[in-house]
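This is my_file-v8.txt. It holds compact mmCIF, C-alpha atoms.
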```txt
# COMPACT_ATOMS: atom_id res chain seq x y z
CA GLY A 1 108.09 101.09 107.85
CA VAL A 2 108.21 101.55 111.63
CA GLY A 3 104.65 100.31 112.17
CA SER A 4 105.16 96.85 110.68
CA TRP A 5 108.11 96.11 112.97
CA ALA A 6 106.21 97.49 115.95
CA VAL A 7 103.33 95.07 115.31
CA GLU A 8 105.80 92.18 115.11
CA ALA A 9 107.43 93.10 118.42
CA LEU A 10 104.12 93.64 120.20
CA ALA A 11 102.70 90.34 118.94
CA ARG A 12 105.78 88.50 120.21
CA SER A 13 105.64 90.25 123.61
CA GLY A 14 102.35 88.84 124.88
CA ILE A 15 100.12 91.83 124.15
CA GLY A 16 96.50 90.68 124.33
CA ARG A 17 94.77 93.09 121.94
CA LEU A 18 95.93 95.19 119.00
CA SER A 19 94.17 97.63 116.68
CA LEU A 20 95.93 98.42 113.40
CA ILE A 21 95.08 101.58 111.44
CA ASP A 22 96.41 102.14 107.89
CA ALA A 23 94.80 102.51 104.47
CA ASP A 24 97.92 101.61 102.48
CA ASP A 25 98.52 98.45 100.49
CA VAL A 26 101.83 96.62 100.44
CA CYS A 27 103.89 97.76 97.44
CA LEU A 28 107.24 96.84 95.90
CA SER A 29 108.85 100.08 97.08
CA ASN A 30 108.29 98.96 100.70
CA THR A 31 110.78 96.11 100.31
CA ASN A 32 113.82 97.97 101.64
CA ARG A 33 112.34 98.66 105.06
CA GLN A 34 108.95 97.06 105.79
CA LEU A 35 108.32 93.63 107.27
CA HIS A 36 105.23 92.78 105.25
CA ALA A 37 106.82 93.44 101.83
CA LEU A 38 107.04 89.84 100.55
CA GLU A 39 106.35 88.04 97.30
CA GLY A 40 102.66 87.18 97.28
CA GLN A 41 101.69 90.08 99.56
CA TYR A 42 102.12 93.01 97.16
CA GLY A 43 98.82 94.77 96.53
CA ARG A 44 97.21 93.50 99.73
CA SER A 45 96.10 95.68 102.64
CA LYS A 46 98.97 96.28 105.06
CA VAL A 47 96.77 95.95 108.12
CA GLU A 48 95.31 92.65 106.92
CA VAL A 49 98.75 91.20 106.15
CA MET A 50 100.09 92.24 109.55
CA ALA A 51 96.95 91.01 111.33
CA GLU A 52 97.40 87.57 109.78
CA ARG A 53 101.05 87.52 110.79
CA ALA A 54 100.27 88.63 114.35
CA ARG A 55 97.62 85.92 114.73
CA ALA A 56 100.07 83.32 113.39
CA ILE A 57 102.55 84.39 116.06
CA ASN A 58 99.95 84.30 118.83
CA PRO A 59 96.59 82.70 117.96
CA ALA A 60 95.11 84.06 121.20
CA LEU A 61 95.87 87.65 120.18
CA GLN A 62 92.80 89.77 119.38
CA VAL A 63 93.55 91.94 116.33
CA GLU A 64 91.20 94.57 114.95
CA THR A 65 91.95 96.28 111.63
CA PHE A 66 90.90 99.62 110.18
CA ALA A 67 91.84 100.00 106.51
CA GLU A 68 91.75 103.79 106.59
CA PHE A 69 94.12 106.63 107.36
CA LEU A 70 93.89 108.31 110.73
CA THR A 71 92.76 111.93 110.22
CA PRO A 72 91.77 114.81 112.51
CA SER A 73 88.13 114.12 111.65
CA ASN A 74 88.14 110.43 112.61
CA LEU A 75 90.43 110.52 115.65
CA GLN A 76 87.53 110.26 118.06
CA ARG A 77 85.97 107.29 116.29
CA LEU A 78 89.19 105.32 115.87
CA LEU A 79 91.00 106.08 119.12
CA ASP A 80 88.19 106.36 121.68
CA ARG A 81 87.93 102.59 122.14
CA GLY A 82 89.27 101.99 125.61
CA TYR A 83 92.88 101.55 124.54
CA ASP A 84 95.65 101.34 127.13
CA LEU A 85 98.19 103.05 124.85
CA VAL A 86 98.59 104.54 121.38
CA LEU A 87 101.72 103.96 119.30
CA ASP A 88 101.96 106.61 116.57
CA CYS A 89 104.04 105.45 113.60
CA CYS A 90 102.50 107.61 110.86
CA ASP A 91 104.39 110.26 108.89
CA ALA A 92 101.56 112.76 108.37
CA PHE A 93 102.53 115.96 110.20
CA ARG A 94 99.06 117.32 110.97
CA VAL A 95 97.75 113.92 112.05
CA LYS A 96 100.64 113.53 114.49
CA VAL A 97 99.95 116.96 116.01
CA GLU A 98 96.24 116.25 116.44
CA THR A 99 96.83 112.73 117.76
CA ILE A 100 99.27 113.93 120.41
CA ALA A 101 96.93 116.71 121.54
CA TRP A 102 93.91 114.38 121.59
CA CYS A 103 95.69 111.73 123.64
CA ARG A 104 97.16 114.21 126.12
CA ARG A 105 93.77 115.81 126.75
CA ARG A 106 92.43 112.39 127.67
CA LYS A 107 95.55 111.25 129.55
CA LEU A 108 95.90 108.35 127.15
CA PRO A 109 99.53 107.11 127.10
CA LEU A 110 101.21 107.70 123.76
CA ILE A 111 104.57 106.89 122.14
CA VAL A 112 105.48 108.91 119.03
CA SER A 113 107.91 107.85 116.32
CA GLY A 114 110.04 110.52 114.70
CA SER A 115 111.70 110.37 111.27
CA ALA A 116 113.80 107.35 110.34
CA GLY A 117 114.42 108.43 106.74
CA GLY A 118 117.89 109.42 105.59
CA ARG A 119 119.66 107.76 108.50
CA ILE A 120 121.84 104.63 108.65
CA ASP A 121 123.14 104.30 112.24
CA PRO A 122 120.76 102.40 114.55
CA THR A 123 122.99 103.01 117.58
CA LEU A 124 121.98 106.68 117.58
CA VAL A 125 118.26 106.05 118.11
CA ARG A 126 116.96 107.43 121.41
CA VAL A 127 113.70 107.89 123.32
CA ARG A 128 112.86 110.82 125.59
CA ASP A 129 110.17 113.41 126.21
CA LEU A 130 109.02 115.15 123.02
CA SER A 131 110.01 118.50 124.52
CA ARG A 132 113.66 117.36 124.56
CA THR A 133 114.22 115.64 121.19
CA GLU A 134 117.07 116.72 118.89
CA HIS A 135 118.08 116.40 115.22
CA ASP A 136 114.52 115.73 114.07
CA ALA A 137 112.97 118.55 112.06
CA MET A 138 109.49 117.04 112.01
CA LEU A 139 109.37 116.59 115.78
CA ALA A 140 110.63 120.16 116.22
CA LEU A 141 107.77 121.48 114.07
CA ILE A 142 105.28 119.30 115.94
CA ARG A 143 106.57 120.69 119.22
CA LYS A 144 106.11 124.25 117.90
CA LYS A 145 102.52 123.57 116.77
CA LEU A 146 101.58 121.93 120.07
CA ARG A 147 102.77 125.00 121.94
CA GLU A 148 101.08 127.45 119.58
CA GLU A 149 97.75 125.71 119.14
CA PHE A 150 97.29 123.49 122.18
CA ARG A 151 99.15 125.39 124.90
CA PHE A 152 101.76 122.75 125.58
CA PRO A 153 104.36 124.06 128.07
CA ARG A 154 107.13 126.34 126.79
CA GLY A 155 109.43 126.55 129.79
CA PRO A 156 112.83 124.83 129.51
CA LYS A 157 112.10 122.83 132.65
CA ARG A 158 108.61 121.76 131.57
CA TYR A 159 107.90 118.42 129.93
CA PHE A 160 105.14 117.36 127.51
CA GLY A 161 104.56 113.97 129.08
CA VAL A 162 104.84 112.31 125.66
CA GLN A 163 107.74 110.03 124.82
CA ALA A 164 109.20 110.27 121.32
CA VAL A 165 111.64 108.06 119.45
CA TYR A 166 114.22 109.92 117.36
CA SER A 167 117.78 109.73 116.07
CA LEU A 168 120.78 111.87 116.95
CA GLU A 169 122.16 111.25 113.46
CA ASN A 170 122.05 114.05 110.92
CA VAL A 171 119.94 113.33 107.84
CA ARG A 172 121.80 112.26 104.70
CA TYR A 173 120.37 113.68 101.46
CA PRO A 174 120.72 112.42 97.87
CA GLN A 175 122.45 114.85 95.50
CA ALA A 176 121.93 115.41 91.78
CA ASP A 177 125.22 113.66 90.94
CA GLY A 178 124.17 110.49 92.77
CA SER A 179 126.20 111.13 95.90
CA VAL A 180 124.83 111.36 99.42
CA CYS A 181 125.76 113.96 102.03
CA GLY A 182 124.38 116.07 104.84
CA GLN A 183 123.59 119.05 102.61
CA ARG A 184 119.95 119.51 101.64
CA PRO A 185 119.63 119.47 97.81
CA ALA A 186 118.69 122.63 95.95
CA ALA A 187 114.99 123.29 95.49
CA GLY A 188 115.30 122.81 91.73
CA ASP A 189 116.66 119.28 91.96
CA ALA A 190 113.53 117.35 91.01
CA GLY A 191 113.01 113.90 92.40
CA LEU A 192 115.55 114.21 95.20
CA LYS A 193 113.33 113.46 98.15
CA LEU A 194 113.55 111.40 101.31
CA ASP A 195 111.46 108.54 99.97
CA CYS A 196 112.13 105.26 98.24
CA GLY A 197 110.29 106.28 95.07
CA GLY A 198 112.33 109.36 94.17
CA GLY A 199 115.54 109.32 96.15
CA LEU A 200 116.87 108.26 99.51
CA GLY A 201 114.52 106.27 101.69
CA ALA A 202 115.13 104.34 104.87
CA VAL A 203 116.87 101.09 105.77
CA THR A 204 115.49 98.17 107.73
CA HIS A 205 118.03 98.26 110.54
CA VAL A 206 116.99 101.85 111.35
CA THR A 207 113.21 101.60 110.91
CA ALA A 208 113.16 98.38 112.92
CA THR A 209 115.25 99.97 115.67
CA PHE A 210 112.82 102.90 115.87
CA ALA A 211 110.00 100.37 116.28
CA PHE A 212 111.76 98.23 118.87
CA VAL A 213 112.71 101.26 120.97
CA ALA A 214 109.11 102.49 120.77
CA VAL A 215 107.73 99.09 121.76
CA ALA A 216 110.16 98.86 124.68
CA ALA A 217 108.90 102.23 125.94
CA ALA A 218 105.29 101.16 125.37
CA ILE A 219 105.67 97.91 127.30
CA GLU A 220 107.39 99.75 130.13
CA LYS A 221 104.43 102.13 130.35
CA LEU A 222 101.89 99.31 130.26
CA LEU A 223 103.67 97.37 133.00
CA ALA A 224 104.00 100.49 135.16
CA ALA A 225 100.26 101.17 134.80
CA LYS A 226 99.49 97.57 135.71
CA ASP A 227 101.71 97.74 138.81
CA GLU A 228 100.09 101.02 139.86
CA ALA A 229 96.59 99.58 139.45
CA SER A 230 97.60 96.49 141.44
CA ALA A 231 99.04 98.61 144.25
CA GLU A 232 95.89 100.74 144.42
CA SER A 233 93.68 97.65 144.61
CA GLN A 234 95.58 96.49 147.70
CA ILE A 235 94.99 99.70 149.64
CA PRO A 236 92.51 98.84 152.40
CA SER A 237 89.19 100.63 152.30
CA PRO A 238 88.44 102.98 155.19
CA ALA A 239 86.45 101.34 157.95
```

Represent the structure contained in this file as structure tokens.
Amino acid sequence: GVGSWAVEALARSGIGRLSLIDADDVCLSNTNRQLHALEGQYGRSKVEVMAERARAINPALQVETFAEFLTPSNLQRLLDRGYDLVLDCCDAFRVKVETIAWCRRRKLPLIVSGSAGGRIDPTLVRVRDLSRTEHDAMLALIRKKLREEFRFPRGPKRYFGVQAVYSLENVRYPQADGSVCGQRPAAGDAGLKLDCGGGLGAVTHVTATFAFVAVAAAIEKLLAAKDEASAESQIPSPA
């Protein structure tokens, strides 16, 4: 659900061009946390629904849509398009690893969203370098893979140069008796997963906060790059 709120915030912040990548359709189970889950939109392509909304917010906004999932095999085709920044809001582990490595190799600015599921306190959402995130098991595994496979720095004083949004809150898991606590359910408890179809999902005030924090970091990066380019253009050429 993070991506839908990110599109909303970007469209309302004066961004001139957006590319949206997602093969999913809007479904009823998105209602608890995703902006586009509305009566009349169920069954439609998420990227098309959000593109229409973004254009309604800002008719001058250029929006390109790709109704497909980002995969390691299509990264080059979908991301090598002269973008100023990539905002990763997907939940596919391997895709996140490959996307981060691909962007870093090309010095393409990137903001990564961690896991919003199983959390309820938006005041605990933070953003910092991926090498320093806490309380996020997925980001920890991503960090491990990047070091093992792509030689990202291991030293405690070394940074990845990739900002990640995460929460300091411990995950709350559904239990077989219907209660919720911080203890991971036993492996045999079928259906108790961190998703809205079979157990505990996410709530709007957390997924939206993840998105807004990510967009704030993205806009800060874009403005810094613009200021740097402006300063360089004012340097007099040697006689």

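Reported to one decimal place, the separation of CA of Ala218 in chain A from CA of Gly14 in chain A is 12.7 Å.
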
A straight line from CA of Leu79 in chain A to CA of Ile21 in chain A spans 9.8 Å

Using Å and a single decimal, report how far CA of Thr123 in chain A sits from CA of Lys145 in chain A.
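Distance between the two atoms: 29.0 Å.
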
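Minimum distance to Ala214 in chain A across A:Val86, A:Leu28, A:Leu139, A:Val63 (counting only C-alpha atoms) occurs at A:Val86.
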
Self-check item: Within 9 Å of Tyr83 in chain A using only C-alpha atoms, minus same-chain residues under 5 positions, as a PyMOL selection string
Solution: chain A and resi 18-19+108

Within 8 Å of file point (103.7, 105.1, 119.0), counting only C-alpha atoms, expressed as a ChimeraX atom specification | /A:86-89,110-113,164,214-215,218

Min atom-atom distance to Leu168 in chain A from the set A:Glu39, A:Glu52, A:Glu228, A:Asp136, counting only C-alpha atoms, belongs to A:Asp136

Excluding Val47 in chain A and any residue of its chain fewer than 5 positions from it, enumerate the residues within 8 Å of it, using only C-alpha atoms, and give them as a short mmCIF file (atom, residue, chain, number, x, y, z; two decimals) with C-alpha atoms, in the coordinates of the input.
```cif
data_model
loop_
_atom_site.label_atom_id
_atom_site.label_comp_id
_atom_site.auth_asym_id
_atom_site.auth_seq_id
_atom_site.Cartn_x
_atom_site.Cartn_y
_atom_site.Cartn_z
CA LEU A 20 95.93 98.42 113.40
CA ILE A 21 95.08 101.58 111.44
CA ASP A 22 96.41 102.14 107.89
CA ALA A 23 94.80 102.51 104.47
CA THR A 65 91.95 96.28 111.63
CA PHE A 66 90.90 99.62 110.18
CA ALA A 67 91.84 100.00 106.51
#
```

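Proximity of A:Lys107, A:Lys144, A:Arg12, A:Pro236 to Ala56 in chain A, computed with all atoms listed in the file, is greatest for A:Arg12.
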
Skipping near chain neighbours, those fewer than 2 positions away, what residues fall within 7 Å of Gly3 in chain A using all atoms listed in the file, listed as an MDAnalysis selection string?
chainID A and resid 1 5:7 89 211

* Would you list the residues near (102.0, 99.6, 134.1), meaning any protein, DNA or RNA residue with an atom at most 12 Å from that point in file coordinates, counting all atoms listed in the file, as a list of chain:residue names? =>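 It turns out the residues near that spot are A:Asp84, A:Leu85, A:Pro109, A:Ala217, A:Ala218, A:Ile219, A:Glu220, A:Lys221, A:Leu222, A:Leu223, A:Ala224, A:Ala225, A:Lys226, A:Asp227, A:Glu228, A:Ala229, A:Ser230, A:Ala231.
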
Margin query: Quick one: residues within 10 Å of range 147-153 of chain A, only C-alpha atoms, excluding same-chain residues fewer than 3 positions away - as a PyMOL selection string?
Written below: chain A and resi 97-98+100-102+104-105+131+141-144+156-161

- Message: I'd like the contact shell of Val26 in chain A - 12 Å cut-off, all atoms listed in the file, skipping same-chain residues fewer than 2 positions apart - returned as a PyMOL selection string.
- Response: chain A and resi 1+4+22-24+28-31+33-50

Requested in this report: Give the answer as one residue: which of A:Leu124, A:Ile15, A:Leu70, A:Ala140 has the shortest atom-to-atom distance to Thr99 in chain A, using all atoms listed in the file?
Outcome: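 Selected residue with least distance to Thr99 in chain A: A:Leu70.
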